[in-house]
>>> print(open('start.cif').read())   # mmCIF, C-alpha atoms and all ligand atoms
data_final
#
loop_
_atom_site.label_atom_id
_atom_site.label_comp_id
_atom_site.auth_asym_id
_atom_site.auth_seq_id
_atom_site.Cartn_x
_atom_site.Cartn_y
_atom_site.Cartn_z
CA MET A 1 56.11 138.90 -86.24
CA SER A 2 54.78 139.05 -82.73
CA GLY A 3 57.55 140.24 -80.42
CA PHE A 4 57.14 137.26 -78.09
CA SER A 5 60.34 136.76 -76.08
CA ILE A 6 61.41 134.31 -73.35
CA VAL A 7 63.18 136.36 -70.67
CA GLY A 8 63.40 133.86 -67.80
CA SER A 9 63.24 130.12 -67.13
CA GLY A 10 63.41 127.65 -64.26
CA ARG A 11 62.90 123.97 -63.55
CA TYR A 12 62.27 121.78 -60.55
CA LEU A 13 62.60 118.03 -60.28
CA PRO A 14 61.41 116.75 -56.91
CA GLY A 15 63.20 114.27 -54.68
CA ARG A 16 65.73 111.77 -55.93
CA PRO A 17 65.85 110.01 -59.28
CA TYR A 18 64.26 106.53 -59.48
CA THR A 19 66.07 104.13 -61.78
CA ASN A 20 64.62 101.46 -64.03
CA ASP A 21 65.95 98.89 -61.56
CA ASP A 22 63.86 100.57 -58.83
CA LEU A 23 60.76 100.01 -60.99
CA ALA A 24 61.71 96.38 -61.54
CA ARG A 25 61.10 95.81 -57.81
CA VAL A 26 57.35 96.39 -58.23
CA MET A 27 56.61 95.02 -61.72
CA ASP A 28 57.89 92.71 -64.41
CA THR A 29 60.23 94.96 -66.38
CA SER A 30 63.95 95.52 -66.80
CA ASP A 31 66.47 98.30 -67.21
CA GLU A 32 67.44 96.84 -70.60
CA TRP A 33 63.84 96.82 -71.93
CA ILE A 34 63.11 100.36 -70.77
CA ARG A 35 66.37 101.80 -72.14
CA GLN A 36 66.03 100.07 -75.50
CA ARG A 37 62.35 100.88 -76.05
CA THR A 38 62.28 104.42 -74.63
CA GLY A 39 65.77 105.77 -73.88
CA ILE A 40 64.67 106.44 -70.28
CA GLU A 41 67.16 105.71 -67.48
CA GLN A 42 65.49 107.42 -64.52
CA ARG A 43 62.66 109.73 -63.49
CA HIS A 44 61.58 111.73 -60.41
CA TYR A 45 58.44 111.35 -58.31
CA CYS A 46 57.14 114.00 -55.94
CA PRO A 47 56.44 112.91 -52.38
CA SER A 48 52.87 112.17 -51.36
CA GLY A 49 51.24 115.40 -50.22
CA GLN A 50 52.99 117.53 -52.84
CA GLY A 51 51.19 118.56 -55.99
CA VAL A 52 51.78 120.46 -59.18
CA SER A 53 51.26 123.87 -57.58
CA ASP A 54 54.17 123.08 -55.23
CA LEU A 55 56.43 121.89 -58.05
CA ALA A 56 55.42 124.85 -60.21
CA TYR A 57 56.16 127.28 -57.38
CA GLU A 58 59.77 126.07 -57.13
CA ALA A 59 60.30 126.30 -60.90
CA SER A 60 58.59 129.71 -61.07
CA ILE A 61 60.77 131.23 -58.36
CA LYS A 62 63.86 130.18 -60.32
CA ALA A 63 62.42 131.58 -63.54
CA ILE A 64 61.54 134.90 -61.90
CA ASP A 65 65.01 135.07 -60.37
CA SER A 66 66.72 134.26 -63.69
CA ALA A 67 64.86 137.15 -65.32
CA GLY A 68 65.93 139.54 -62.55
CA LEU A 69 62.28 140.19 -61.65
CA LYS A 70 59.96 140.07 -58.63
CA PRO A 71 56.75 138.00 -58.66
CA THR A 72 54.73 141.23 -58.74
CA ASP A 73 56.26 142.05 -62.12
CA LEU A 74 54.07 139.29 -63.62
CA ASP A 75 50.54 140.08 -64.73
CA TYR A 76 49.25 136.74 -66.07
CA ILE A 77 49.73 133.04 -65.33
CA LEU A 78 49.17 130.22 -67.80
CA PHE A 79 49.23 126.87 -65.99
CA ASN A 80 49.60 123.66 -67.99
CA THR A 81 49.01 120.28 -66.38
CA MET A 82 47.10 117.03 -66.82
CA THR A 83 47.56 116.13 -63.13
CA PRO A 84 46.06 119.11 -61.23
CA ASP A 85 46.05 119.38 -57.44
CA HIS A 86 42.24 119.12 -57.55
CA LEU A 87 39.76 118.07 -60.22
CA PHE A 88 38.62 121.66 -59.94
CA PRO A 89 39.65 124.41 -59.69
CA GLY A 90 42.74 124.51 -61.85
CA SER A 91 46.15 124.87 -60.26
CA GLY A 92 46.90 128.33 -61.68
CA PRO A 93 45.18 130.27 -58.88
CA LEU A 94 46.95 128.12 -56.28
CA LEU A 95 50.31 128.96 -57.81
CA GLY A 96 49.35 132.63 -58.03
CA ALA A 97 48.50 132.71 -54.33
CA ARG A 98 51.79 130.99 -53.42
CA LEU A 99 53.61 133.69 -55.39
CA GLY A 100 51.65 136.47 -53.69
CA LEU A 101 49.84 137.23 -56.95
CA ASN A 102 46.33 137.15 -55.50
CA GLY A 103 44.03 138.80 -58.01
CA VAL A 104 46.31 138.26 -61.03
CA PRO A 105 44.51 136.24 -63.74
CA ALA A 106 45.60 132.60 -63.79
CA LEU A 107 44.33 130.36 -66.54
CA ASP A 108 44.69 126.58 -66.71
CA LEU A 109 45.20 125.01 -70.13
CA ARG A 110 44.71 121.35 -70.91
CA ALA A 111 46.70 120.25 -73.92
CA GLN A 112 48.79 117.62 -72.11
CA CYS A 113 52.11 116.93 -73.83
CA ALA A 114 51.43 119.53 -76.53
CA ALA A 115 50.67 122.12 -73.84
CA MET A 116 53.54 124.52 -74.42
CA LEU A 117 52.69 125.03 -78.08
CA PHE A 118 49.14 126.04 -77.21
CA SER A 119 50.34 128.21 -74.31
CA PHE A 120 52.79 130.01 -76.59
CA GLN A 121 49.92 130.90 -78.90
CA VAL A 122 47.68 132.09 -76.05
CA ALA A 123 50.52 134.07 -74.46
CA ASP A 124 51.39 135.69 -77.76
CA SER A 125 47.76 136.74 -78.25
CA LEU A 126 47.56 138.15 -74.71
CA LEU A 127 50.74 140.14 -75.28
CA GLN A 128 49.63 141.41 -78.68
CA SER A 129 46.19 142.46 -77.46
CA GLY A 130 47.70 144.32 -74.52
CA ALA A 131 45.84 142.11 -72.00
CA ALA A 132 49.19 141.17 -70.44
CA LYS A 133 52.71 142.53 -70.41
CA ARG A 134 54.66 139.74 -68.73
CA ILE A 135 53.35 136.19 -68.48
CA LEU A 136 54.44 133.21 -66.39
CA ILE A 137 53.91 130.01 -68.39
CA VAL A 138 54.24 126.90 -66.26
CA GLY A 139 54.09 123.20 -67.07
CA ALA A 140 53.98 120.87 -64.07
CA GLU A 141 53.05 117.23 -63.54
CA ALA A 142 52.60 114.91 -60.58
CA HIS A 143 52.07 111.68 -62.50
CA SER A 144 53.07 109.66 -59.43
CA GLY A 145 49.45 109.90 -58.25
CA PHE A 146 48.34 107.53 -61.01
CA MET A 147 51.18 105.02 -60.77
CA PRO A 148 49.76 101.48 -60.61
CA TRP A 149 51.39 100.38 -57.37
CA LEU A 150 50.79 101.13 -53.70
CA ASP A 151 54.06 99.66 -52.41
CA TRP A 152 56.13 102.84 -52.59
CA ASP A 153 58.32 101.50 -49.76
CA ILE A 154 59.26 98.48 -51.90
CA LEU A 155 60.04 100.76 -54.85
CA GLU A 156 62.11 102.98 -52.53
CA GLY A 157 64.00 99.93 -51.29
CA THR A 158 63.14 100.66 -47.65
CA ASN A 159 60.98 97.52 -47.55
CA LYS A 160 62.85 94.47 -48.84
CA ALA A 161 59.69 92.34 -49.07
CA ALA A 162 58.31 91.28 -52.46
CA PRO A 163 54.99 92.80 -53.59
CA SER A 164 51.95 90.54 -53.38
CA ALA A 165 51.19 88.54 -56.53
CA GLU A 166 48.12 90.73 -57.05
CA ALA A 167 50.07 94.00 -56.72
CA TRP A 168 52.79 92.69 -59.06
CA GLU A 169 50.21 91.62 -61.66
CA ARG A 170 48.42 94.99 -61.50
CA ALA A 171 51.59 97.06 -61.90
CA THR A 172 52.78 94.77 -64.71
CA ARG A 173 49.46 95.19 -66.52
CA HIS A 174 50.12 98.94 -66.67
CA ARG A 175 53.88 98.74 -67.20
CA GLY A 176 53.95 100.28 -70.71
CA LEU A 177 52.47 103.43 -69.22
CA ALA A 178 54.15 103.39 -65.81
CA ILE A 179 57.72 103.33 -67.08
CA ILE A 180 57.51 106.41 -69.27
CA PHE A 181 56.10 109.11 -66.96
CA GLY A 182 57.95 111.19 -64.37
CA ASP A 183 57.18 114.27 -62.25
CA GLY A 184 58.60 117.77 -62.59
CA ALA A 185 57.94 121.39 -63.43
CA GLY A 186 59.29 123.95 -65.84
CA ALA A 187 58.53 127.67 -65.97
CA LEU A 188 59.09 130.33 -68.61
CA ILE A 189 58.57 134.07 -68.42
CA VAL A 190 57.57 135.71 -71.67
CA GLU A 191 57.10 139.33 -72.55
CA ARG A 192 56.68 141.49 -75.58
CA SER A 193 60.01 142.32 -77.16
CA THR A 194 60.82 145.26 -79.33
CA ALA A 195 64.05 143.63 -80.57
CA PRO A 196 63.88 143.35 -84.37
CA GLY A 197 63.04 139.90 -85.71
CA VAL A 198 62.24 138.33 -82.33
CA GLY A 199 58.99 136.43 -81.85
CA ILE A 200 56.71 133.66 -83.04
CA LEU A 201 57.19 133.19 -86.78
CA SER A 202 54.59 130.47 -87.36
CA MET A 203 52.20 128.02 -85.71
CA ASP A 204 50.82 124.71 -86.89
CA LEU A 205 48.42 123.40 -84.22
CA HIS A 206 45.88 120.58 -84.36
CA SER A 207 43.41 118.74 -82.12
CA ASP A 208 41.33 115.64 -82.90
CA GLY A 209 38.94 114.29 -80.29
CA ASP A 210 38.23 111.18 -82.36
CA LEU A 211 41.60 109.95 -81.07
CA VAL A 212 40.73 110.46 -77.39
CA ASP A 213 40.57 106.73 -76.63
CA GLU A 214 44.26 106.31 -77.40
CA LEU A 215 45.27 108.06 -74.18
CA LEU A 216 42.97 109.16 -71.38
CA ILE A 217 42.02 108.70 -67.75
CA PRO A 218 38.58 107.12 -68.20
CA VAL A 219 36.87 108.35 -64.98
CA GLY A 220 34.81 111.51 -65.31
CA PHE A 221 31.55 113.28 -64.85
CA ARG A 222 29.55 111.18 -67.26
CA SER A 223 29.23 108.74 -64.34
CA ARG A 224 27.24 109.23 -61.15
CA PRO A 225 29.16 109.40 -58.95
CA TYR A 226 32.22 110.18 -61.01
CA VAL A 227 34.39 107.80 -58.95
CA SER A 228 32.87 104.54 -57.68
CA GLU A 229 34.02 101.21 -56.27
CA GLN A 230 33.65 99.87 -59.79
CA CYS A 231 35.96 102.56 -61.23
CA LEU A 232 38.60 101.60 -58.69
CA ALA A 233 38.14 97.87 -59.32
CA GLU A 234 38.51 98.40 -63.07
CA ASP A 235 41.50 100.77 -62.68
CA LEU A 236 39.67 103.56 -64.48
CA ILE A 237 41.64 106.08 -62.42
CA ILE A 238 44.84 105.00 -64.22
CA PRO A 239 45.48 106.35 -67.72
CA ARG A 240 44.62 103.95 -70.51
CA MET A 241 47.17 104.23 -73.28
CA GLN A 242 47.34 102.49 -76.63
CA GLY A 243 51.09 102.96 -76.78
CA ARG A 244 51.65 101.68 -80.30
CA GLU A 245 48.87 103.83 -81.74
CA VAL A 246 50.13 106.97 -79.98
CA PHE A 247 53.62 106.15 -81.22
CA LYS A 248 52.41 105.80 -84.84
CA HIS A 249 50.55 109.12 -84.71
CA ALA A 250 53.59 110.86 -83.25
CA VAL A 251 56.01 109.69 -85.91
CA SER A 252 53.65 110.58 -88.75
CA LYS A 253 52.02 113.81 -87.53
CA LEU A 254 55.07 115.48 -85.96
CA PRO A 255 57.29 115.51 -89.08
CA GLN A 256 54.32 116.90 -91.07
CA SER A 257 53.74 119.61 -88.49
CA VAL A 258 57.40 120.57 -88.26
CA ARG A 259 57.56 120.89 -92.06
CA ALA A 260 54.34 122.93 -92.14
CA ALA A 261 55.50 125.32 -89.39
CA VAL A 262 58.90 125.85 -91.02
CA GLU A 263 57.28 126.47 -94.42
CA LYS A 264 54.77 128.90 -92.90
CA ALA A 265 57.73 130.78 -91.40
CA GLY A 266 59.15 131.11 -94.93
CA MET A 267 62.18 129.02 -93.97
CA THR A 268 63.82 125.71 -94.74
CA LEU A 269 64.72 123.08 -92.15
CA ASP A 270 68.36 124.16 -92.52
CA ASP A 271 67.48 127.67 -91.30
CA VAL A 272 66.37 126.33 -87.89
CA ASP A 273 69.01 126.13 -85.14
CA TRP A 274 67.13 123.83 -82.74
CA PHE A 275 64.25 121.38 -82.97
CA VAL A 276 63.05 121.21 -79.36
CA GLY A 277 60.56 118.36 -79.10
CA HIS A 278 58.38 117.00 -76.36
CA GLN A 279 60.13 113.97 -74.85
CA ALA A 280 57.74 111.00 -74.74
CA ASN A 281 60.03 108.29 -76.04
CA ASP A 282 63.50 108.77 -77.47
CA ARG A 283 62.57 106.48 -80.37
CA ILE A 284 59.81 108.91 -81.40
CA ASN A 285 62.17 111.88 -81.59
CA SER A 286 64.85 109.79 -83.36
CA LEU A 287 62.32 108.79 -86.01
CA VAL A 288 61.09 112.39 -86.40
CA ARG A 289 64.71 113.46 -86.77
CA ASP A 290 65.47 110.74 -89.34
CA ARG A 291 62.30 111.36 -91.35
CA LEU A 292 63.20 115.04 -91.62
CA ARG A 293 66.92 114.26 -92.11
CA LEU A 294 67.82 116.62 -89.27
CA PRO A 295 71.34 116.62 -87.83
CA HIS A 296 71.54 114.69 -84.56
CA GLU A 297 72.94 117.67 -82.67
CA LYS A 298 70.01 119.94 -83.57
CA VAL A 299 67.46 117.73 -81.77
CA PRO A 300 68.28 117.91 -78.04
CA THR A 301 67.15 115.16 -75.70
CA ASN A 302 66.89 114.86 -71.92
CA ILE A 303 64.43 112.00 -71.60
CA ALA A 304 67.08 109.70 -70.10
CA LYS A 305 67.10 111.80 -66.90
CA TYR A 306 63.44 112.69 -66.46
CA GLY A 307 61.20 110.39 -68.53
CA ASN A 308 58.08 111.97 -69.99
CA THR A 309 57.07 114.93 -67.82
CA SER A 310 54.15 115.87 -70.14
CA ALA A 311 53.43 119.61 -69.96
CA ALA A 312 56.65 120.23 -68.02
CA THR A 313 58.95 118.71 -70.63
CA ILE A 314 59.52 121.57 -73.05
CA PRO A 315 60.07 124.29 -70.40
CA ILE A 316 62.45 121.96 -68.50
CA LEU A 317 64.47 121.39 -71.68
CA VAL A 318 64.41 125.09 -72.59
CA ASP A 319 65.66 125.95 -69.12
CA GLU A 320 68.53 123.46 -69.44
CA MET A 321 69.48 124.88 -72.83
CA ARG A 322 69.34 128.49 -71.64
CA ARG A 323 71.39 127.79 -68.54
CA ASP A 324 74.11 125.73 -70.25
CA GLY A 325 74.41 128.31 -73.04
CA ARG A 326 73.14 126.17 -75.93
CA LEU A 327 70.14 128.40 -76.56
CA LYS A 328 71.30 131.88 -77.57
CA ALA A 329 69.65 135.14 -78.54
CA GLY A 330 69.03 135.39 -82.25
CA GLN A 331 68.60 131.64 -82.76
CA THR A 332 65.56 130.09 -84.41
CA VAL A 333 63.82 127.24 -82.59
CA CYS A 334 61.13 124.87 -83.83
CA TYR A 335 59.17 123.44 -80.90
CA PHE A 336 57.04 120.34 -81.53
CA GLY A 337 54.94 117.91 -79.52
CA LEU A 338 51.95 115.56 -79.42
CA GLY A 339 49.79 114.49 -76.51
CA ALA A 340 46.47 113.17 -75.27
CA GLY A 341 43.40 114.80 -76.71
CA MET A 342 44.84 114.27 -79.21
CA HIS A 343 46.68 117.61 -79.59
CA TRP A 344 49.81 118.13 -81.66
CA GLY A 345 51.74 120.73 -83.56
CA ALA A 346 54.86 122.78 -84.08
CA THR A 347 55.84 126.42 -83.84
CA VAL A 348 58.84 128.37 -85.06
CA VAL A 349 60.16 131.04 -82.70
CA ARG A 350 63.10 133.40 -83.09
CA THR A 351 64.59 133.94 -79.62
N1 LIG A 401 58.83 96.11 -69.57
C1 LIG A 401 58.91 94.92 -70.20
N2 LIG A 401 58.08 94.55 -71.19
C2 LIG A 401 57.13 95.44 -71.56
C3 LIG A 401 56.99 96.69 -70.95
C4 LIG A 401 57.88 97.01 -69.92
N3 LIG A 401 57.82 98.17 -69.26
N4 LIG A 401 55.97 97.35 -71.53
C5 LIG A 401 55.48 96.55 -72.47
N5 LIG A 401 56.17 95.38 -72.49
C6 LIG A 401 55.98 94.20 -73.35
C7 LIG A 401 54.52 94.04 -73.72
O1 LIG A 401 53.82 93.32 -72.74
C8 LIG A 401 54.63 93.29 -75.01
O2 LIG A 401 54.86 91.93 -74.74
P1 LIG A 401 54.24 90.79 -75.68
O3 LIG A 401 54.80 91.04 -77.03
O4 LIG A 401 54.72 89.55 -75.02
O5 LIG A 401 52.77 91.00 -75.60
C9 LIG A 401 55.89 93.86 -75.66
O6 LIG A 401 56.65 94.43 -74.58
C10 LIG A 401 55.61 94.92 -76.68
O7 LIG A 401 54.64 95.82 -76.11
P2 LIG A 401 54.26 97.17 -76.79
O8 LIG A 401 53.28 97.89 -75.95
O9 LIG A 401 53.89 96.92 -78.21
O10 LIG A 401 55.68 97.89 -76.72
P3 LIG A 401 56.20 99.15 -77.50
O11 LIG A 401 57.44 98.85 -78.19
O12 LIG A 401 55.10 99.80 -78.29
O13 LIG A 401 56.59 100.12 -76.30
C11 LIG A 401 55.73 102.09 -75.27
C12 LIG A 401 55.60 100.58 -75.40
C13 LIG A 401 54.63 102.60 -74.36
C14 LIG A 401 57.09 102.40 -74.67
C15 LIG A 401 55.61 102.74 -76.68
O14 LIG A 401 54.49 102.21 -77.35
C16 LIG A 401 55.48 104.23 -76.63
O15 LIG A 401 56.37 104.92 -76.17
N6 LIG A 401 54.39 104.76 -77.19
C17 LIG A 401 54.15 106.18 -77.20
C18 LIG A 401 53.57 106.56 -75.89
C19 LIG A 401 53.53 108.03 -75.70
O16 LIG A 401 54.17 108.78 -76.39
N7 LIG A 401 52.74 108.44 -74.72
C20 LIG A 401 52.68 109.76 -74.26
C21 LIG A 401 52.15 110.69 -75.26
S1 LIG A 401 52.66 112.25 -74.76
#
>>> encode(input="start.cif", output="structure tokens", more="lines below")
Ligand code: COA
Amino acid sequence: MSGFSIVGSGRYLPGRPYTNDDLARVMDTSDEWIRQRTGIEQRHYCPSGQGVSDLAYEASIKAIDSAGLKPTDLDYILFNTMTPDHLFPGSGPLLGARLGLNGVPALDLRAQCAAMLFSFQVADSLLQSGAAKRILIVGAEAHSGFMPWLDWDILEGTNKAAPSAEAWERATRHRGLAIIFGDGAGALIVERSTAPGVGILSMDLHSDGDLVDELLIPVGFRSRPYVSEQCLAEDLIIPRMQGREVFKHAVSKLPQSVRAAVEKAGMTLDDVDWFVGHQANDRINSLVRDRLRLPHEKVPTNIAKYGNTSAATIPILVDEMRRDGRLKAGQTVCYFGLGAGMHWGATVVRT
């Protein structure tokens, strides 16, 4: 028992929602296809010029406020993103400076859609070792930067022209990827709790780099220079995703991990109040739910509104559940998720 406790939360979704019909203006897809295959109805994109440190700032302010704290009450930042403001440095120090926390340690973690699970473990260790007393954990993503179209005005509907045949073909080539991701940020504040029974009860975390080719942005520092005309021509700046393979891993590994975490906590699935999963595709979480025979109402979903916001997903969902009263003190939550790396796992936490 670790004494890890979530004492504040916030979320920020930039701009307006973009519907599936909006996307159908720039590529060959349809509202019906996207809803049936993913459960997604809309997603948000941050405006050009905004990045994850901006989104994270907005979510963090709300989290700090909800905990009744000031930014200076925080003594560590864990920043989770796969779409940083810059290739280096990480976005944690940028967020810290925005919050007036210059000098406070800010560490970026890179576990993509499984980010929160890894951050929970790191935060718990920092709290237990005494290295930190109150930690801001943020997940934020600006996926819009890798979307495979340039005609944002056509997507917005401000330009009624049709995209060029070349632009349409390019966006359509990447449509499996483009329809699932959205932008947003979620923030949690965690501290050591002395309340009896509260904390992380178990962890089941995994990583396997042999599966890296199933989801990655191919450009990188193996090439000289790391971005070239050829990279752009071959779209190596856009994530390459083997959607079916990722899907298969998710629906096999996640039920195993949830079972393992619940067993390690000395519990049964019935003892868990909520199974809060990363939201990549509603069909994934439905299959996880069915394979574990979990009641529908114990597996919350919000993917219809936001799409897959990668590292931001779990804190956004936690914030919704805290604010609407679903998530209550004393409840037991199993968090689970899988993402590029590949990283996956589950953790059981008593709130
Ligand atoms: N609109 C219309 N048609 C589409 C489409 C879209 N947005 N995306 C793909 N298609 C088409 C394909 O071209 C293909 O057509 P074909 O049979 O004529 O070749 C057909 O639909 C099936 O494609 P496929 O890629 O097999 O679809 P799918 O059912 O696997 O759904 C994903 C694609 C991406 C939605 C799904 O694989 C998925 O969600 N995978 C997991 C991804 C994930 O979790 N990623 C993040 C990890 S955190």
>>> closest_atom_pairs(input="start.cif", of="chain A", to="ligand LIG 401 (chain A)", cutoff="7 Å", atoms="only C-alpha atoms and all ligand atoms", output="CSV")
residue,atom,partner,partner_atom,distance
A:Asp28,CA,A:LIG401,N1,6.3
A:Thr29,CA,A:LIG401,N1,3.7
A:Ser30,CA,A:LIG401,N1,5.9
A:Trp33,CA,A:LIG401,C1,5.6
A:Ile34,CA,A:LIG401,N3,5.9
A:Arg37,CA,A:LIG401,C14,5.6
A:Thr38,CA,A:LIG401,C14,5.6
A:Cys113,CA,A:LIG401,S1,4.8
A:Arg175,CA,A:LIG401,N3,4.5
A:Gly176,CA,A:LIG401,N4,3.7
A:Leu177,CA,A:LIG401,C13,5.6
A:Ile179,CA,A:LIG401,N3,5.6
A:Ile180,CA,A:LIG401,C14,6.7
A:Gly243,CA,A:LIG401,O14,3.5
A:Arg244,CA,A:LIG401,O14,4.1
A:Val246,CA,A:LIG401,C17,5.0
A:Phe247,CA,A:LIG401,C17,4.1
A:Ala280,CA,A:LIG401,O16,4.5
A:Asn281,CA,A:LIG401,O15,5.0
A:Ser310,CA,A:LIG401,S1,6.1
A:Leu338,CA,A:LIG401,S1,5.8
A:Gly339,CA,A:LIG401,S1,4.0
A:Ala340,CA,A:LIG401,C21,6.2
>>> closest_residue(input="start.cif", among="A:Tyr76, A:Phe120, A:Phe275, A:Tyr45", to="Glu156 of chain A", atoms="only C-alpha atoms")
A:Tyr45
>>> closest_residue(input="start.cif", among="A:Ala312, A:Val138, A:Ala195, A:Met116", to="Tyr335 of chain A", atoms="all atoms listed in the file")
A:Met116
>>> atom_distance(input="start.cif", atom1="atom CA of Ser53 of chain A", atom2="atom CA of Ile189 of chain A")
16.6 Å
>>> residues_around(input="start.cif", residues="segment 82-95 of chain A", least_positions_apart="2", cutoff="8 Å", atoms="all atoms listed in the file", output="list of chain:residue names")
A:Gly51, A:Val52, A:Ser53, A:Asp54, A:Ala56, A:Tyr57, A:Ile77, A:Leu78, A:Phe79, A:Asn80, A:Ala97, A:Arg98, A:Leu99, A:Asn102, A:Pro105, A:Ala106, A:Leu107, A:Asp108, A:Arg110, A:Ala111, A:Gln112, A:Glu141, A:Ala142, A:His143, A:Ser310, A:Ala311
>>> residues_around(input="start.cif", residues="His206 of chain A", least_positions_apart="2", cutoff="10 Å", atoms="all atoms listed in the file", output="PyMOL selection string")
chain A and resi 114+118+203-204+208+253+257+338+341-346
>>> write_last_selection(input="start.cif", atoms="C-alpha atoms", output="PDB file, in the frame of the given file")
ATOM      1  CA  ALA A 114      51.430 119.530 -76.530  1.00  0.00           C
ATOM      2  CA  PHE A 118      49.140 126.040 -77.210  1.00  0.00           C
ATOM      3  CA  MET A 203      52.200 128.020 -85.710  1.00  0.00           C
ATOM      4  CA  ASP A 204      50.820 124.710 -86.890  1.00  0.00           C
ATOM      5  CA  ASP A 208      41.330 115.640 -82.900  1.00  0.00           C
ATOM      6  CA  LYS A 253      52.020 113.810 -87.530  1.00  0.00           C
ATOM      7  CA  SER A 257      53.740 119.610 -88.490  1.00  0.00           C
ATOM      8  CA  LEU A 338      51.950 115.560 -79.420  1.00  0.00           C
ATOM      9  CA  GLY A 341      43.400 114.800 -76.710  1.00  0.00           C
ATOM     10  CA  MET A 342      44.840 114.270 -79.210  1.00  0.00           C
ATOM     11  CA  HIS A 343      46.680 117.610 -79.590  1.00  0.00           C
ATOM     12  CA  TRP A 344      49.810 118.130 -81.660  1.00  0.00           C
ATOM     13  CA  GLY A 345      51.740 120.730 -83.560  1.00  0.00           C
ATOM     14  CA  ALA A 346      54.860 122.780 -84.080  1.00  0.00           C
TER      15      ALA A 346
END
>>> closest_residue(input="start.cif", among="A:Gly182, A:Pro300, A:Gly199, A:Gly145", to="Leu327 of chain A", atoms="only C-alpha atoms")
A:Pro300
>>> atom_distance(input="start.cif", atom1="atom CA of Lys328 of chain A", atom2="atom CA of Thr81 of chain A")
27.5 Å
>>> atom_distance(input="start.cif", atom1="atom CA of Asn308 of chain A", atom2="atom CA of Gln242 of chain A")
15.8 Å
